[in-house]
Amino acid sequence: MPNPTSGLLRARLLADVGGTNARFAWQSGPGEPITDVRVLPCAEYATLQDAIRVYLNDLGHGTPDAVAIAIANPITGDQIRMTNHHWSFSQSAVKAEFGFNTLRLLNDFTALALALPDLPAQELRQVGGGAAMPGAAIGLVGAGTGLGVSGLLPNGLAGWVPLEGEGGHVTLPAVTARERLVMDGLARRYGRCSAERVCSGQGILDTYGLLCEADGVVPGGAASAADVSEAALNAGNPQALEALTLFCAMLGSVAGNLALTLGARGGVYIGGGIVPRLGAWFGGSPFRARFESKGRFHGLLADIPVWVITSKQSPALLGAARALDGH
């Protein structure tokens, strides 16, 4: 008689955990389709374990054999404490609590990088540049609750080595007087101005407030990056439009720096939740000009293609599955 739990010996729980939302999915085995995707707001759950429990109980498939969690945080040991959310946990304790045979944690942008070679063309929108050089390094940046940075380096065996770092926290370069004004204001507020302090949802909101303060304008009722974008693109608010423009310019500088550092002639990808929502407006923003504005290396940067990832389902879930596959 068949064992009804035998399928669970290969089943996988996949997760993409950011500072705002946790996305969960099910995979019945290696190479199988990723199904049952559900998004849970992090703020509604006291712990990651609570969110996992709700997803598994609602799904009703039982306890999976293996779990891969892509999370917006460096993975440096057993204890995890999220940078942009209050969740903290022990990997070994979570594994024991649920009885998982395998638990794999990796940075969320490392997981997204692992998915890049499998993204279909219809889920990418090119913003300038030429054709990618096959087998060359690839860069990845993405703005959302924070700023993620990763990439893929060729391993010399027709495969890839993903980067796991925290490039979103590098010191931000300023070019214009208004950018320096914003950086000074952010440094006063936070003690330091990293790239993430501008190139993120909170960064857009903070930039808008600082520009309003500098111009002697009372900020409107903007409470989020989405509110600032709405005021910029639909209401024509000048400080909101400048904040969004400055965000794109700074993101271009960061992406161009990454391309130079990695030699990313295989292209640069833009993930995260903010840029895809800007649609065609992003293509006309200062992003591309600042990406290429690298002095003597302008020509090299001008040839490098940039793609905005427009996938409806988080590609980091696929990357988490690939991590379980041993990639």
# chains A, B, ... in the order shown; residues from 1 in each chain; ligands from 1
>>> residues_around(residues="Asp325 of chain A", least_positions_apart="5", cutoff="12 Å", atoms="only C-alpha atoms", output="PyMOL selection string")
chain A and resi 10+12+29-32+66-68+102+104+114+318-320
>>> residues_around(residues="segment 74-82 of chain A", least_positions_apart="5", cutoff="12 Å", atoms="only C-alpha atoms", output="PyMOL selection string")
chain A and resi 17-20+42+47-48+69+87-95+103-110+145-146+148-150+163-169
>>> closest_residue(among="A:Ala115, A:Ile34, A:Ala174, A:Ala25", to="Ile138 of chain A", atoms="only C-alpha atoms")
A:Ala115
>>> closest_residue(among="A:Asn21, A:Asn155, A:Asn101, A:Thr35", to="His327 of chain A", atoms="only C-alpha atoms")
A:Asn155
>>> residues_around(residues="Tyr269 of chain A", least_positions_apart="3", cutoff="6 Å", atoms="only C-alpha atoms", output="JSON, numbers by chain")
{"A": [140, 306, 307, 308]}
>>> residues_around(residues="segment 240-243 of chain A", least_positions_apart="2", cutoff="6 Å", atoms="only C-alpha atoms", output="PDB file with N, CA, C and O atoms, in the first residue's frame")
ATOM      1  N   THR A 207      14.229  61.549   1.243  1.00  0.00           N
ATOM      2  CA  THR A 207      14.724  62.526   0.275  1.00  0.00           C
ATOM      3  C   THR A 207      13.665  63.587  -0.003  1.00  0.00           C
ATOM      4  O   THR A 207      13.964  64.789  -0.053  1.00  0.00           O
ATOM      5  N   TYR A 208      12.446  63.154  -0.176  1.00  0.00           N
ATOM      6  CA  TYR A 208      11.340  64.095  -0.403  1.00  0.00           C
ATOM      7  C   TYR A 208      11.224  65.081   0.768  1.00  0.00           C
ATOM      8  O   TYR A 208      11.114  66.297   0.569  1.00  0.00           O
ATOM      9  N   VAL A 228       4.967  59.216  -2.619  1.00  0.00           N
ATOM     10  CA  VAL A 228       5.855  60.173  -3.286  1.00  0.00           C
ATOM     11  C   VAL A 228       5.800  59.968  -4.792  1.00  0.00           C
ATOM     12  O   VAL A 228       5.733  60.937  -5.567  1.00  0.00           O
ATOM     13  N   ALA A 232       4.620  62.606  -7.582  1.00  0.00           N
ATOM     14  CA  ALA A 232       5.556  62.992  -8.640  1.00  0.00           C
ATOM     15  C   ALA A 232       4.964  62.782 -10.024  1.00  0.00           C
ATOM     16  O   ALA A 232       4.958  63.689 -10.865  1.00  0.00           O
ATOM     17  N   ASN A 237       4.059  67.171  -8.322  1.00  0.00           N
ATOM     18  CA  ASN A 237       4.692  67.858  -7.193  1.00  0.00           C
ATOM     19  C   ASN A 237       6.188  67.974  -7.459  1.00  0.00           C
ATOM     20  O   ASN A 237       6.870  66.964  -7.677  1.00  0.00           O
ATOM     21  N   PRO A 238       6.760  69.198  -7.458  1.00  0.00           N
ATOM     22  CA  PRO A 238       8.159  69.364  -7.872  1.00  0.00           C
ATOM     23  C   PRO A 238       9.159  68.677  -6.957  1.00  0.00           C
ATOM     24  O   PRO A 238      10.145  68.092  -7.431  1.00  0.00           O
ATOM     25  N   THR A 245      13.559  61.479  -9.205  1.00  0.00           N
ATOM     26  CA  THR A 245      14.630  61.641 -10.188  1.00  0.00           C
ATOM     27  C   THR A 245      15.994  61.411  -9.541  1.00  0.00           C
ATOM     28  O   THR A 245      16.875  60.750 -10.114  1.00  0.00           O
ATOM     29  N   LEU A 246      16.159  61.945  -8.337  1.00  0.00           N
ATOM     30  CA  LEU A 246      17.423  61.766  -7.616  1.00  0.00           C
ATOM     31  C   LEU A 246      17.638  60.293  -7.269  1.00  0.00           C
ATOM     32  O   LEU A 246      18.753  59.767  -7.370  1.00  0.00           O
TER      33      LEU A 246
END
>>> residues_around(residues="Ala231 of chain A", least_positions_apart="4", cutoff="10 Å", atoms="only C-alpha atoms", output="list of chain:residue names")
A:Gly220, A:Gly221, A:Ala222, A:Ala225, A:Ala226, A:Asp227, A:Ala235, A:Gly236, A:Asn237, A:Pro238, A:Gln239, A:Ala240, A:Leu241, A:Leu244
>>> residues_around(residues="segment 274-280 of chain A", least_positions_apart="4", cutoff="7 Å", atoms="only C-alpha atoms", output="number ranges by chain")
A: 143-144, 308-310
>>> select_by_dssp(residues="segment 60-255 of chain A", states="strand (DSSP E)", output="PyMOL selection string")
chain A and resi 66-71+79-81+88-90+102-107+124-126+138-143+147-154+160-162
>>> residues_around(residues="Gly156 of chain A", least_positions_apart="3", cutoff="12 Å", atoms="only C-alpha atoms", output="VMD selection string")
chain A and resid 135 to 137 153 159 to 161
>>> select_by_dssp(residues="segment 206-325 of chain A", states="helix (DSSP H, G or I)", output="ChimeraX atom specification")
/A:206-215,225-233,238-262,275-278,280-283,287-292,295-303,315-324
>>> closest_residue(among="A:Gly209, A:Gly60, A:Gly256, A:Gly201", to="Ser224 of chain A", atoms="only C-alpha atoms")
A:Gly201
>>> atom_distance(atom1="atom CA of Leu186 of chain A", atom2="atom CA of Gly151 of chain A")
27.6 Å
>>> closest_atom_pairs(of="segment 281-321 of chain A", to="segment 257-264 of chain A", cutoff="12 Å", atoms="only C-alpha atoms", output="CSV")
residue,atom,partner,partner_atom,distance
A:Arg290,CA,A:Asn257,CA,10.0
A:Phe291,CA,A:Asn257,CA,7.8
A:Glu292,CA,A:Asn257,CA,9.5
A:Ser293,CA,A:Asn257,CA,9.9
A:Lys294,CA,A:Asn257,CA,8.4
A:Gly295,CA,A:Leu260,CA,11.8
A:Arg296,CA,A:Leu260,CA,11.7
A:Phe297,CA,A:Leu260,CA,8.5
A:His298,CA,A:Leu260,CA,10.4
A:Gly299,CA,A:Leu260,CA,11.7
A:Leu300,CA,A:Leu260,CA,8.8
A:Leu301,CA,A:Ala259,CA,7.6
A:Ala302,CA,A:Ala259,CA,11.0
A:Asp303,CA,A:Ala264,CA,10.5
A:Ile304,CA,A:Ala264,CA,7.5
A:Pro305,CA,A:Ala264,CA,9.4
A:Val306,CA,A:Ala259,CA,10.0
>>> atom_distance(atom1="atom CA of Leu211 of chain A", atom2="atom CA of Leu251 of chain A")
17.9 Å
>>> decode(residues="segment 227-258 of chain A", atoms="N, CA, C and O atoms", output="PDB file, in the first residue's frame")
ATOM      1  N   ASP A 227       3.458  56.911  -2.155  1.00  0.00           N
ATOM      2  CA  ASP A 227       2.805  58.225  -2.094  1.00  0.00           C
ATOM      3  C   ASP A 227       3.647  59.277  -2.812  1.00  0.00           C
ATOM      4  O   ASP A 227       3.118  60.148  -3.506  1.00  0.00           O
ATOM      5  N   VAL A 228       4.967  59.216  -2.619  1.00  0.00           N
ATOM      6  CA  VAL A 228       5.855  60.173  -3.286  1.00  0.00           C
ATOM      7  C   VAL A 228       5.800  59.968  -4.792  1.00  0.00           C
ATOM      8  O   VAL A 228       5.733  60.937  -5.567  1.00  0.00           O
ATOM      9  N   SER A 229       5.817  58.721  -5.231  1.00  0.00           N
ATOM     10  CA  SER A 229       5.734  58.429  -6.666  1.00  0.00           C
ATOM     11  C   SER A 229       4.426  58.938  -7.251  1.00  0.00           C
ATOM     12  O   SER A 229       4.389  59.494  -8.354  1.00  0.00           O
ATOM     13  N   GLU A 230       3.345  58.741  -6.524  1.00  0.00           N
ATOM     14  CA  GLU A 230       2.039  59.236  -6.969  1.00  0.00           C
ATOM     15  C   GLU A 230       2.053  60.753  -7.094  1.00  0.00           C
ATOM     16  O   GLU A 230       1.582  61.320  -8.091  1.00  0.00           O
ATOM     17  N   ALA A 231       2.620  61.435  -6.086  1.00  0.00           N
ATOM     18  CA  ALA A 231       2.693  62.899  -6.127  1.00  0.00           C
ATOM     19  C   ALA A 231       3.582  63.378  -7.258  1.00  0.00           C
ATOM     20  O   ALA A 231       3.334  64.427  -7.858  1.00  0.00           O
ATOM     21  N   ALA A 232       4.620  62.606  -7.582  1.00  0.00           N
ATOM     22  CA  ALA A 232       5.556  62.992  -8.640  1.00  0.00           C
ATOM     23  C   ALA A 232       4.964  62.782 -10.024  1.00  0.00           C
ATOM     24  O   ALA A 232       4.958  63.689 -10.865  1.00  0.00           O
ATOM     25  N   LEU A 233       4.457  61.590 -10.274  1.00  0.00           N
ATOM     26  CA  LEU A 233       4.082  61.197 -11.630  1.00  0.00           C
ATOM     27  C   LEU A 233       2.661  61.589 -12.008  1.00  0.00           C
ATOM     28  O   LEU A 233       2.366  61.776 -13.188  1.00  0.00           O
ATOM     29  N   ASN A 234       1.790  61.734 -11.017  1.00  0.00           N
ATOM     30  CA  ASN A 234       0.396  62.048 -11.327  1.00  0.00           C
ATOM     31  C   ASN A 234      -0.024  63.443 -10.897  1.00  0.00           C
ATOM     32  O   ASN A 234      -0.922  64.028 -11.505  1.00  0.00           O
ATOM     33  N   ALA A 235       0.613  63.982  -9.849  1.00  0.00           N
ATOM     34  CA  ALA A 235       0.240  65.319  -9.370  1.00  0.00           C
ATOM     35  C   ALA A 235       1.263  66.377  -9.744  1.00  0.00           C
ATOM     36  O   ALA A 235       1.011  67.569  -9.555  1.00  0.00           O
ATOM     37  N   GLY A 236       2.423  65.971 -10.229  1.00  0.00           N
ATOM     38  CA  GLY A 236       3.437  66.932 -10.651  1.00  0.00           C
ATOM     39  C   GLY A 236       4.072  67.716  -9.525  1.00  0.00           C
ATOM     40  O   GLY A 236       4.599  68.816  -9.748  1.00  0.00           O
ATOM     41  N   ASN A 237       4.059  67.171  -8.322  1.00  0.00           N
ATOM     42  CA  ASN A 237       4.692  67.858  -7.193  1.00  0.00           C
ATOM     43  C   ASN A 237       6.188  67.974  -7.459  1.00  0.00           C
ATOM     44  O   ASN A 237       6.870  66.964  -7.677  1.00  0.00           O
ATOM     45  N   PRO A 238       6.760  69.198  -7.458  1.00  0.00           N
ATOM     46  CA  PRO A 238       8.159  69.364  -7.872  1.00  0.00           C
ATOM     47  C   PRO A 238       9.159  68.677  -6.957  1.00  0.00           C
ATOM     48  O   PRO A 238      10.145  68.092  -7.431  1.00  0.00           O
ATOM     49  N   GLN A 239       8.940  68.741  -5.638  1.00  0.00           N
ATOM     50  CA  GLN A 239       9.895  68.081  -4.729  1.00  0.00           C
ATOM     51  C   GLN A 239       9.778  66.557  -4.825  1.00  0.00           C
ATOM     52  O   GLN A 239      10.787  65.847  -4.758  1.00  0.00           O
ATOM     53  N   ALA A 240       8.566  66.051  -5.013  1.00  0.00           N
ATOM     54  CA  ALA A 240       8.394  64.606  -5.177  1.00  0.00           C
ATOM     55  C   ALA A 240       9.048  64.134  -6.472  1.00  0.00           C
ATOM     56  O   ALA A 240       9.718  63.100  -6.509  1.00  0.00           O
ATOM     57  N   LEU A 241       8.871  64.911  -7.540  1.00  0.00           N
ATOM     58  CA  LEU A 241       9.480  64.548  -8.817  1.00  0.00           C
ATOM     59  C   LEU A 241      11.006  64.590  -8.715  1.00  0.00           C
ATOM     60  O   LEU A 241      11.698  63.709  -9.244  1.00  0.00           O
ATOM     61  N   GLU A 242      11.535  65.584  -7.997  1.00  0.00           N
ATOM     62  CA  GLU A 242      12.985  65.657  -7.824  1.00  0.00           C
ATOM     63  C   GLU A 242      13.494  64.497  -6.980  1.00  0.00           C
ATOM     64  O   GLU A 242      14.566  63.936  -7.263  1.00  0.00           O
ATOM     65  N   ALA A 243      12.736  64.108  -5.955  1.00  0.00           N
ATOM     66  CA  ALA A 243      13.142  62.980  -5.113  1.00  0.00           C
ATOM     67  C   ALA A 243      13.209  61.697  -5.926  1.00  0.00           C
ATOM     68  O   ALA A 243      14.158  60.913  -5.808  1.00  0.00           O
ATOM     69  N   LEU A 244      12.220  61.481  -6.781  1.00  0.00           N
ATOM     70  CA  LEU A 244      12.193  60.273  -7.602  1.00  0.00           C
ATOM     71  C   LEU A 244      13.309  60.303  -8.650  1.00  0.00           C
ATOM     72  O   LEU A 244      13.958  59.289  -8.917  1.00  0.00           O
ATOM     73  N   THR A 245      13.559  61.479  -9.205  1.00  0.00           N
ATOM     74  CA  THR A 245      14.630  61.641 -10.188  1.00  0.00           C
ATOM     75  C   THR A 245      15.994  61.411  -9.541  1.00  0.00           C
ATOM     76  O   THR A 245      16.875  60.750 -10.114  1.00  0.00           O
ATOM     77  N   LEU A 246      16.159  61.945  -8.337  1.00  0.00           N
ATOM     78  CA  LEU A 246      17.423  61.766  -7.616  1.00  0.00           C
ATOM     79  C   LEU A 246      17.638  60.293  -7.269  1.00  0.00           C
ATOM     80  O   LEU A 246      18.753  59.767  -7.370  1.00  0.00           O
ATOM     81  N   PHE A 247      16.569  59.611  -6.885  1.00  0.00           N
ATOM     82  CA  PHE A 247      16.651  58.171  -6.614  1.00  0.00           C
ATOM     83  C   PHE A 247      17.177  57.419  -7.834  1.00  0.00           C
ATOM     84  O   PHE A 247      18.080  56.575  -7.724  1.00  0.00           O
ATOM     85  N   CYS A 248      16.634  57.733  -9.007  1.00  0.00           N
ATOM     86  CA  CYS A 248      17.058  57.028 -10.228  1.00  0.00           C
ATOM     87  C   CYS A 248      18.502  57.350 -10.580  1.00  0.00           C
ATOM     88  O   CYS A 248      19.259  56.469 -11.016  1.00  0.00           O
ATOM     89  N   ALA A 249      18.895  58.612 -10.407  1.00  0.00           N
ATOM     90  CA  ALA A 249      20.268  58.993 -10.700  1.00  0.00           C
ATOM     91  C   ALA A 249      21.246  58.270  -9.787  1.00  0.00           C
ATOM     92  O   ALA A 249      22.268  57.715 -10.234  1.00  0.00           O
ATOM     93  N   MET A 250      20.950  58.268  -8.500  1.00  0.00           N
ATOM     94  CA  MET A 250      21.827  57.601  -7.540  1.00  0.00           C
ATOM     95  C   MET A 250      21.890  56.104  -7.793  1.00  0.00           C
ATOM     96  O   MET A 250      22.962  55.483  -7.702  1.00  0.00           O
ATOM     97  N   LEU A 251      20.754  55.504  -8.144  1.00  0.00           N
ATOM     98  CA  LEU A 251      20.749  54.082  -8.460  1.00  0.00           C
ATOM     99  C   LEU A 251      21.620  53.808  -9.684  1.00  0.00           C
ATOM    100  O   LEU A 251      22.320  52.790  -9.748  1.00  0.00           O
ATOM    101  N   GLY A 252      21.597  54.722 -10.650  1.00  0.00           N
ATOM    102  CA  GLY A 252      22.463  54.592 -11.819  1.00  0.00           C
ATOM    103  C   GLY A 252      23.930  54.630 -11.448  1.00  0.00           C
ATOM    104  O   GLY A 252      24.748  53.853 -11.984  1.00  0.00           O
ATOM    105  N   SER A 253      24.284  55.522 -10.532  1.00  0.00           N
ATOM    106  CA  SER A 253      25.681  55.589 -10.079  1.00  0.00           C
ATOM    107  C   SER A 253      26.101  54.294  -9.396  1.00  0.00           C
ATOM    108  O   SER A 253      27.194  53.763  -9.643  1.00  0.00           O
ATOM    109  N   VAL A 254      25.242  53.779  -8.528  1.00  0.00           N
ATOM    110  CA  VAL A 254      25.551  52.538  -7.803  1.00  0.00           C
ATOM    111  C   VAL A 254      25.671  51.367  -8.781  1.00  0.00           C
ATOM    112  O   VAL A 254      26.603  50.559  -8.689  1.00  0.00           O
ATOM    113  N   ALA A 255      24.736  51.271  -9.734  1.00  0.00           N
ATOM    114  CA  ALA A 255      24.758  50.177 -10.704  1.00  0.00           C
ATOM    115  C   ALA A 255      25.989  50.273 -11.602  1.00  0.00           C
ATOM    116  O   ALA A 255      26.609  49.249 -11.944  1.00  0.00           O
ATOM    117  N   GLY A 256      26.371  51.481 -11.994  1.00  0.00           N
ATOM    118  CA  GLY A 256      27.564  51.663 -12.802  1.00  0.00           C
ATOM    119  C   GLY A 256      28.826  51.293 -12.038  1.00  0.00           C
ATOM    120  O   GLY A 256      29.753  50.685 -12.599  1.00  0.00           O
ATOM    121  N   ASN A 257      28.880  51.649 -10.763  1.00  0.00           N
ATOM    122  CA  ASN A 257      30.023  51.254  -9.925  1.00  0.00           C
ATOM    123  C   ASN A 257      30.130  49.733  -9.844  1.00  0.00           C
ATOM    124  O   ASN A 257      31.225  49.158  -9.912  1.00  0.00           O
ATOM    125  N   LEU A 258      28.980  49.076  -9.690  1.00  0.00           N
ATOM    126  CA  LEU A 258      28.973  47.620  -9.615  1.00  0.00           C
ATOM    127  C   LEU A 258      29.456  47.008 -10.930  1.00  0.00           C
ATOM    128  O   LEU A 258      30.250  46.055 -10.931  1.00  0.00           O
TER     129      LEU A 258
END
